[in-house]
Amino acid sequence: MKSKAIETRSNKPLLIKALLMLTPLVIFSTSIIAVPQANAHSQTISTNSSISNGQRDPAPIIIGEDFAPFNDKFDFIVEMGTTGLEFDSVAYVDSTHMRFNFHGIAKEGTISIIAQTSAFDPIGHADSSSLDIVVAAALKNQVITFKSPTGMTVGDSDQSPQATATSGLKVDITSNTPSTCTIDFSKIHPVAAGICSIKATQVGDSEYMAAMDVTKTLNIAADPKLPLANTATQEIPTSLGSAIYDPASPDPDYVSVLVAGSDKGIENSTLVKIIIPRSATSAKAIVLISAFSTDEESASGYFVARVAAVSASGTPIKQFDKNFEINIPAGSKGSTLFSSDDGKNWIPIVKIDTEELPAGMHVGYFIEDDGRVAILNHHFMMVGYRKIQEPLVLSLPVDKLTIGATTMVKSFGGSGAGEVTYSSTTQSICSISDAGVLTGLSKGDCLVKATKNASGIYANSVSKPATVKIVEPTLILKTPVAPVNIGFLTHSLTFLMANSTQTLDVGLCSIYANETADLYLGTRNKNKVWSWKKISSTRMDENGFGSFSITTKLQYGQMVRVMVNNVIQMESDV
């Protein structure tokens with residue numbers, strides 16, 4: 001539907017016609033007769049309003065300058081396109097705002113609005129200003145289909161959840177109960193016996209709206225092959241003792257080092273067993289084993305053994321040439337198998353299906369037929385059971401930070417009494433103290449993360465990284481220490497525009513005596529984003545007054561800002 005300007009309320013053409021009908025004597029004696037007009041200038045219109053698909057009787061507000069108060073719909077050419085709306089009328093709000101009244105229910109399409117010169121007072125240039133309002137297509141519905149996962153047992157291979165969306169978009173799976181099950185590489189991993197709750201989500205895109213979340217639960221059973229560590233025959237002593245590994249042993253295949261911290265006899269010394277291949281090293285070594293966990297933790301199934309080795313001369317041995325095997329009892333059903341070099345940073349050990357460590361892996365574990373856990377590696381370390389903390393989440397007060405600025409990063413969640421520290425993985429872009437003070441260093445994406453240290457039975461926890469965009473410093477509005485003469489600036493701008501002078505006088509106050517002030521010119525693009533350019537500088541006198549020399553032509557709709565030491569002291573519209 002298209003509405004055109006088909007009439008005008010102005011009687012100016014009639015006036016000209018009447019004057020032309022006067023006698024020739026009058027015409028020749030008066031030279032050229034013209035209708036007086038105000039100085040016309042370029043007019044632009046814009047809008048912050050949007051129209052959504054399905055919206056009834058929308059009434060967007062159009063922004064401009066010097067709208068005539070007697071405007072009506074015939075001062076605008078409006079094409080409604082395929083939106084299905086009708087253009088009813090316009091309403092004058094004030095000299096910078098007009099309300100357009102549309103009737104109907106909006107459909108996908110584009111509304112084009114052209115403001116004719118008669119829409120403004122004074123009348124604008126012949127070149128009309130226009131804008132488009134786009135009504136986007138309606139978002140489609142989507143539904144998640146999530147097949148119920150089958151029950152699992154601790155130690156089972158990970159299960160692939162079967163969830164799809166009718167949109168064809170990827171469905172994200174997360175665990176609501178990470179202490180019972182986790183989602184590792186998009187698969188369900190059983191952690192401990194209990195109820196596992198997992199959620200399927202699809203947030204939508206520019207074509208589809210977000211789907212309703214779907215939650216499924218499954219039962220995780222304890223592995224019947226894994227005895228708990230707090231049985232009568234598996235008491236955990238604080239010191240587990242040591243044994244000598246001798247490559248000259250008559251055993252043709254391997255040397256088995258049995259270690260026990262009690263006097264129950266060799267037949268019951270099955271708490272920790274080290275199996276070392278004969279060719280693992282050519283020298284004798286003393287294998288030392290001690291308990292890292294407390295007696296109370298160990299009795300609850302959170303047993304950790306510290307395995308170390310020294311040569312016959314007492315020199316520490318960090319690793320053997322070939323993998324060896326550490327046998328320990330199973331932990332409690334709420335525990336996870338970890339390894340650590342220092343007792344602070346714990347790394348989960350991956351389960352493998354054979355007694356051979358796959359190429360490229362440094363450590364792994366499998367379950368022996370008798371239910372014991374066999375850990376394969378060639379590095380002496382701490383191994384055993386710790387509990388996974390609840391998720392640790394970063395809390396960022398801002399998503400953007402200027403270079404040189406600081407902000408405080410916090411975190412919540414986690415478990416235990418471990419200290420929380422912070423770190424940056426983009427140290428050339430930002431730095432962050434252990435306490436969480438984030439500082440922007442250079443332009444780019446800053447990645448930070450939080451770590452909650454291990455404590456008690458809990459392993460350390462690391463948050464997912466969060467991103468803060470570090471940007472160049474922008475102009476910051478700051479109230480001056482002393483009052484400023486803003487009226488003086490406004491007066492000078494008016495004088496400059498009216499008289500085409502080449503200077504702009506500015507009055508600040510005496511606290512800025514002998515300071516250098518900069519004059520910036522701001523221009524807003526069609527996306528309503530301001531860009532600023534320094535066009536002049538001056539040194540203020542002893543009273544805080546100064547004059548800027550201007551060679552750049554100022555235009556209506558622009559802004560000027562006076563800055564001292566990169567801080568805004570005053571601004572004004574042109």
# chains A, B, ... in the order shown; residues from 1 in each chain; ligands from 1
>>> select_by_dssp(residues="stretch 254-352 of chain A", states="strand (DSSP E or B)", output="MDAnalysis selection string")
chainID A and resid 254:259 272:277 285:291 304:311 316 319:328 336:340 346:348 351
>>> write_last_selection(atoms="N, CA and C atoms", output="tab-separated table (two decimals), in the first residue's frame")
chain	number	residue	atom	x	y	z
A	254	TYR	N	58.76	-59.91	35.34
A	254	TYR	CA	58.62	-58.64	36.03
A	254	TYR	C	58.99	-58.80	37.49
A	255	VAL	N	59.17	-57.68	38.15
A	255	VAL	CA	59.43	-57.67	39.58
A	255	VAL	C	58.18	-57.15	40.27
A	256	SER	N	57.65	-57.88	41.19
A	256	SER	CA	56.46	-57.47	41.93
A	256	SER	C	56.90	-57.01	43.31
A	257	VAL	N	56.63	-55.78	43.61
A	257	VAL	CA	56.97	-55.21	44.90
A	257	VAL	C	55.70	-55.13	45.73
A	258	LEU	N	55.60	-55.93	46.76
A	258	LEU	CA	54.44	-55.92	47.63
A	258	LEU	C	54.73	-55.03	48.82
A	259	VAL	N	53.86	-54.13	49.09
A	259	VAL	CA	54.06	-53.19	50.18
A	259	VAL	C	52.86	-53.25	51.11
A	272	VAL	N	48.71	-52.06	48.65
A	272	VAL	CA	49.33	-51.43	47.49
A	272	VAL	C	50.34	-52.39	46.90
A	273	LYS	N	50.27	-52.60	45.59
A	273	LYS	CA	51.20	-53.49	44.92
A	273	LYS	C	51.76	-52.78	43.69
A	274	ILE	N	53.09	-52.80	43.56
A	274	ILE	CA	53.75	-52.18	42.41
A	274	ILE	C	54.32	-53.30	41.55
A	275	ILE	N	53.94	-53.33	40.27
A	275	ILE	CA	54.45	-54.33	39.33
A	275	ILE	C	55.31	-53.60	38.31
A	276	ILE	N	56.61	-53.91	38.29
A	276	ILE	CA	57.55	-53.16	37.47
A	276	ILE	C	58.19	-54.12	36.46
A	277	PRO	N	58.14	-53.85	35.16
A	277	PRO	CA	58.82	-54.69	34.16
A	277	PRO	C	60.32	-54.74	34.42
A	285	ALA	N	66.44	-49.80	42.71
A	285	ALA	CA	65.69	-48.63	43.17
A	285	ALA	C	64.91	-49.00	44.42
A	286	ILE	N	64.80	-48.05	45.30
A	286	ILE	CA	63.98	-48.23	46.49
A	286	ILE	C	62.65	-47.53	46.25
A	287	VAL	N	61.58	-48.28	46.24
A	287	VAL	CA	60.24	-47.73	46.03
A	287	VAL	C	59.64	-47.38	47.38
A	288	LEU	N	59.23	-46.13	47.51
A	288	LEU	CA	58.68	-45.62	48.76
A	288	LEU	C	57.20	-45.33	48.59
A	289	ILE	N	56.40	-45.79	49.53
A	289	ILE	CA	54.97	-45.54	49.47
A	289	ILE	C	54.50	-45.02	50.82
A	290	SER	N	53.75	-43.92	50.78
A	290	SER	CA	53.18	-43.35	52.00
A	290	SER	C	51.78	-42.88	51.71
A	291	ALA	N	51.02	-42.66	52.75
A	291	ALA	CA	49.64	-42.21	52.58
A	291	ALA	C	49.59	-40.68	52.57
A	304	VAL	N	44.59	-41.98	49.24
A	304	VAL	CA	45.58	-41.53	48.26
A	304	VAL	C	46.94	-42.03	48.71
A	305	ALA	N	47.67	-42.66	47.80
A	305	ALA	CA	49.02	-43.15	48.08
A	305	ALA	C	50.04	-42.29	47.34
A	306	ARG	N	51.10	-41.94	48.05
A	306	ARG	CA	52.20	-41.22	47.42
A	306	ARG	C	53.27	-42.24	47.06
A	307	VAL	N	53.59	-42.38	45.78
A	307	VAL	CA	54.56	-43.35	45.30
A	307	VAL	C	55.81	-42.61	44.85
A	308	ALA	N	56.95	-42.94	45.40
A	308	ALA	CA	58.21	-42.28	45.05
A	308	ALA	C	59.29	-43.35	44.93
A	309	ALA	N	60.44	-42.93	44.41
A	309	ALA	CA	61.55	-43.88	44.27
A	309	ALA	C	62.87	-43.12	44.34
A	310	VAL	N	63.90	-43.81	44.90
A	310	VAL	CA	65.24	-43.26	44.94
A	310	VAL	C	66.21	-44.36	44.51
A	311	SER	N	67.35	-43.96	44.01
A	311	SER	CA	68.39	-44.92	43.64
A	311	SER	C	69.07	-45.44	44.91
A	316	PRO	N	66.82	-39.00	43.97
A	316	PRO	CA	65.42	-39.20	43.58
A	316	PRO	C	65.28	-39.65	42.12
A	319	GLN	N	61.10	-40.94	37.09
A	319	GLN	CA	60.34	-41.86	36.25
A	319	GLN	C	61.23	-42.98	35.79
A	320	PHE	N	60.57	-44.09	35.34
A	320	PHE	CA	61.27	-45.21	34.75
A	320	PHE	C	61.18	-45.11	33.23
A	321	ASP	N	61.96	-45.94	32.56
A	321	ASP	CA	61.96	-45.93	31.09
A	321	ASP	C	60.70	-46.55	30.52
A	322	LYS	N	60.10	-47.48	31.26
A	322	LYS	CA	58.89	-48.14	30.79
A	322	LYS	C	57.78	-48.01	31.83
A	323	ASN	N	56.56	-48.24	31.39
A	323	ASN	CA	55.42	-48.14	32.30
A	323	ASN	C	55.48	-49.20	33.38
A	324	PHE	N	55.04	-48.84	34.55
A	324	PHE	CA	54.85	-49.81	35.63
A	324	PHE	C	53.40	-49.70	36.11
A	325	GLU	N	53.03	-50.61	36.98
A	325	GLU	CA	51.62	-50.71	37.39
A	325	GLU	C	51.51	-50.55	38.90
A	326	ILE	N	50.53	-49.73	39.32
A	326	ILE	CA	50.25	-49.53	40.75
A	326	ILE	C	48.85	-50.09	41.02
A	327	ASN	N	48.75	-51.05	41.92
A	327	ASN	CA	47.46	-51.62	42.31
A	327	ASN	C	47.02	-51.01	43.63
A	328	ILE	N	45.82	-50.48	43.68
A	328	ILE	CA	45.26	-49.96	44.93
A	328	ILE	C	43.82	-50.43	45.04
A	336	THR	N	36.41	-40.18	42.77
A	336	THR	CA	36.94	-40.25	41.42
A	336	THR	C	38.43	-40.45	41.51
A	337	LEU	N	39.00	-41.24	40.60
A	337	LEU	CA	40.42	-41.56	40.61
A	337	LEU	C	41.21	-40.40	39.99
A	338	PHE	N	42.21	-39.91	40.73
A	338	PHE	CA	43.03	-38.78	40.29
A	338	PHE	C	44.50	-39.12	40.42
A	339	SER	N	45.32	-38.31	39.76
A	339	SER	CA	46.76	-38.32	39.98
A	339	SER	C	47.22	-36.89	40.22
A	340	SER	N	48.36	-36.75	40.91
A	340	SER	CA	48.88	-35.42	41.23
A	340	SER	C	50.37	-35.50	41.47
A	346	TRP	N	45.09	-31.72	40.90
A	346	TRP	CA	44.68	-33.10	40.67
A	346	TRP	C	44.11	-33.25	39.27
A	347	ILE	N	44.53	-34.31	38.57
A	347	ILE	CA	44.09	-34.57	37.20
A	347	ILE	C	43.37	-35.91	37.17
A	348	PRO	N	42.12	-35.96	36.67
A	348	PRO	CA	41.41	-37.26	36.60
A	348	PRO	C	42.18	-38.26	35.74
A	351	LYS	N	39.99	-44.04	32.25
A	351	LYS	CA	39.86	-45.50	32.25
A	351	LYS	C	40.20	-46.05	30.87
>>> residues_around(residues="stretch 140-148 of chain A", least_positions_apart="4", cutoff="9 Å", atoms="only C-alpha atoms", output="MDAnalysis selection string")
chainID A and resid 161:168 171 200:202 204 207:218
>>> write_last_selection(atoms="C-alpha atoms", output="mmCIF file, in the first residue's frame")
data_model
loop_
_atom_site.group_PDB
_atom_site.id
_atom_site.type_symbol
_atom_site.label_atom_id
_atom_site.label_comp_id
_atom_site.auth_asym_id
_atom_site.auth_seq_id
_atom_site.Cartn_x
_atom_site.Cartn_y
_atom_site.Cartn_z
ATOM 1 C CA PRO A 161 22.522 -39.488 24.668
ATOM 2 C CA GLN A 162 20.003 -39.464 21.823
ATOM 3 C CA ALA A 163 18.475 -35.987 21.617
ATOM 4 C CA THR A 164 17.426 -34.148 18.459
ATOM 5 C CA ALA A 165 15.542 -30.951 17.646
ATOM 6 C CA THR A 166 12.936 -30.635 14.913
ATOM 7 C CA SER A 167 14.889 -27.595 13.664
ATOM 8 C CA GLY A 168 17.925 -29.736 12.933
ATOM 9 C CA VAL A 171 21.101 -30.051 21.032
ATOM 10 C CA ALA A 200 18.781 -31.199 26.783
ATOM 11 C CA THR A 201 18.624 -27.583 25.571
ATOM 12 C CA GLN A 202 18.444 -25.761 22.236
ATOM 13 C CA GLY A 204 17.429 -21.229 18.883
ATOM 14 C CA GLU A 207 15.090 -18.614 12.385
ATOM 15 C CA TYR A 208 13.962 -20.695 15.361
ATOM 16 C CA MET A 209 12.913 -19.726 18.857
ATOM 17 C CA ALA A 210 14.390 -21.537 21.860
ATOM 18 C CA ALA A 211 12.974 -24.990 22.528
ATOM 19 C CA MET A 212 11.629 -26.059 25.901
ATOM 20 C CA ASP A 213 14.284 -27.878 27.915
ATOM 21 C CA VAL A 214 13.844 -31.625 28.359
ATOM 22 C CA THR A 215 15.233 -33.422 31.425
ATOM 23 C CA LYS A 216 15.799 -37.167 31.723
ATOM 24 C CA THR A 217 17.015 -39.242 34.651
ATOM 25 C CA LEU A 218 18.729 -42.605 34.885
#
>>> closest_residue(among="A:Thr523, A:Thr83, A:Thr174, A:Ser179", to="A:Ile388", atoms="only C-alpha atoms")
A:Ser179
>>> atom_distance(atom1="atom CA of A:Ala513", atom2="atom CA of A:Ile535")
21.1 Å
>>> atom_distance(atom1="atom CA of A:Gly404", atom2="atom CA of A:Cys430")
9.3 Å
>>> residues_around(residues="stretch 536-545 of chain A", least_positions_apart="4", cutoff="6 Å", atoms="only C-alpha atoms", output="list in words")
Val506, Gly507, Leu508, Cys509, Ser510, Tyr512, Ala513, Asn514, Glu515, Thr516, Ala517, Asp518 and Leu519 of chain A
>>> write_last_selection(atoms="C-alpha atoms", output="mmCIF file, in the first residue's frame")
data_model
loop_
_atom_site.group_PDB
_atom_site.id
_atom_site.type_symbol
_atom_site.label_atom_id
_atom_site.label_comp_id
_atom_site.auth_asym_id
_atom_site.auth_seq_id
_atom_site.Cartn_x
_atom_site.Cartn_y
_atom_site.Cartn_z
ATOM 1 C CA VAL A 506 35.443 28.425 25.797
ATOM 2 C CA GLY A 507 35.309 29.359 29.460
ATOM 3 C CA LEU A 508 36.182 26.735 32.048
ATOM 4 C CA CYS A 509 37.488 27.854 35.441
ATOM 5 C CA SER A 510 40.765 28.824 37.052
ATOM 6 C CA TYR A 512 42.432 24.665 34.435
ATOM 7 C CA ALA A 513 44.773 27.667 34.145
ATOM 8 C CA ASN A 514 47.575 27.040 31.627
ATOM 9 C CA GLU A 515 46.213 23.552 30.854
ATOM 10 C CA THR A 516 45.969 22.328 27.260
ATOM 11 C CA ALA A 517 42.369 21.775 26.173
ATOM 12 C CA ASP A 518 41.300 19.741 23.125
ATOM 13 C CA LEU A 519 38.203 20.257 20.978
#
>>> residues_around(residues="A:Tyr520", least_positions_apart="6", cutoff="12 Å", atoms="only C-alpha atoms", output="count of residues only")
29
>>> select_by_dssp(residues="stretch 276-472 of chain A", states="helix (DSSP H, G or I)", output="list in words")
Arg278, Ser279, Ala280, Asp295, Glu296, Glu297, Ser298 and Ala299 of chain A
>>> residues_around(residues="A:Thr180", least_positions_apart="4", cutoff="9 Å", atoms="only C-alpha atoms", output="list in words")
Ser175, His189, Pro190, Val191, Ala192, Ala193, Gly194, Ile195, Cys196, Ser197, Ile220 and Gly334 of chain A
>>> write_last_selection(atoms="C-alpha atoms", output="mmCIF file, in the first residue's frame")
data_model
loop_
_atom_site.group_PDB
_atom_site.id
_atom_site.type_symbol
_atom_site.label_atom_id
_atom_site.label_comp_id
_atom_site.auth_asym_id
_atom_site.auth_seq_id
_atom_site.Cartn_x
_atom_site.Cartn_y
_atom_site.Cartn_z
ATOM 1 C CA SER A 175 24.420 -32.702 33.779
ATOM 2 C CA HIS A 189 29.979 -40.650 32.099
ATOM 3 C CA PRO A 190 28.955 -42.468 35.310
ATOM 4 C CA VAL A 191 30.813 -41.103 38.332
ATOM 5 C CA ALA A 192 29.092 -42.563 41.380
ATOM 6 C CA ALA A 193 26.018 -44.555 42.346
ATOM 7 C CA GLY A 194 22.805 -42.525 42.514
ATOM 8 C CA ILE A 195 20.300 -40.700 40.308
ATOM 9 C CA CYS A 196 21.792 -39.015 37.255
ATOM 10 C CA SER A 197 19.817 -36.060 35.866
ATOM 11 C CA ILE A 220 23.776 -45.166 38.204
ATOM 12 C CA GLY A 334 31.352 -40.887 45.630
#
>>> closest_residue(among="A:Ile45, A:Cys181, A:Ala283, A:Ala435", to="A:Gly151", atoms="only C-alpha atoms")
A:Cys181
>>> closest_residue(among="A:Glu356, A:Asp57, A:Asp341, A:Asp369", to="A:Ala106", atoms="only C-alpha atoms")
A:Asp57
>>> residues_around(residues="stretch 70-82 of chain A", least_positions_apart="4", cutoff="12 Å", atoms="only C-alpha atoms", output="PyMOL selection string")
chain A and resi 1-10+45+53+62+66+86-95+97-121+123+128-137
>>> atom_distance(atom1="atom CA of A:Ala299", atom2="atom CA of A:Ile375")
20.7 Å
>>> closest_residue(among="A:Thr294, A:Thr406, A:Ser423, A:Ser279", to="A:Gly456", atoms="only C-alpha atoms")
A:Thr294
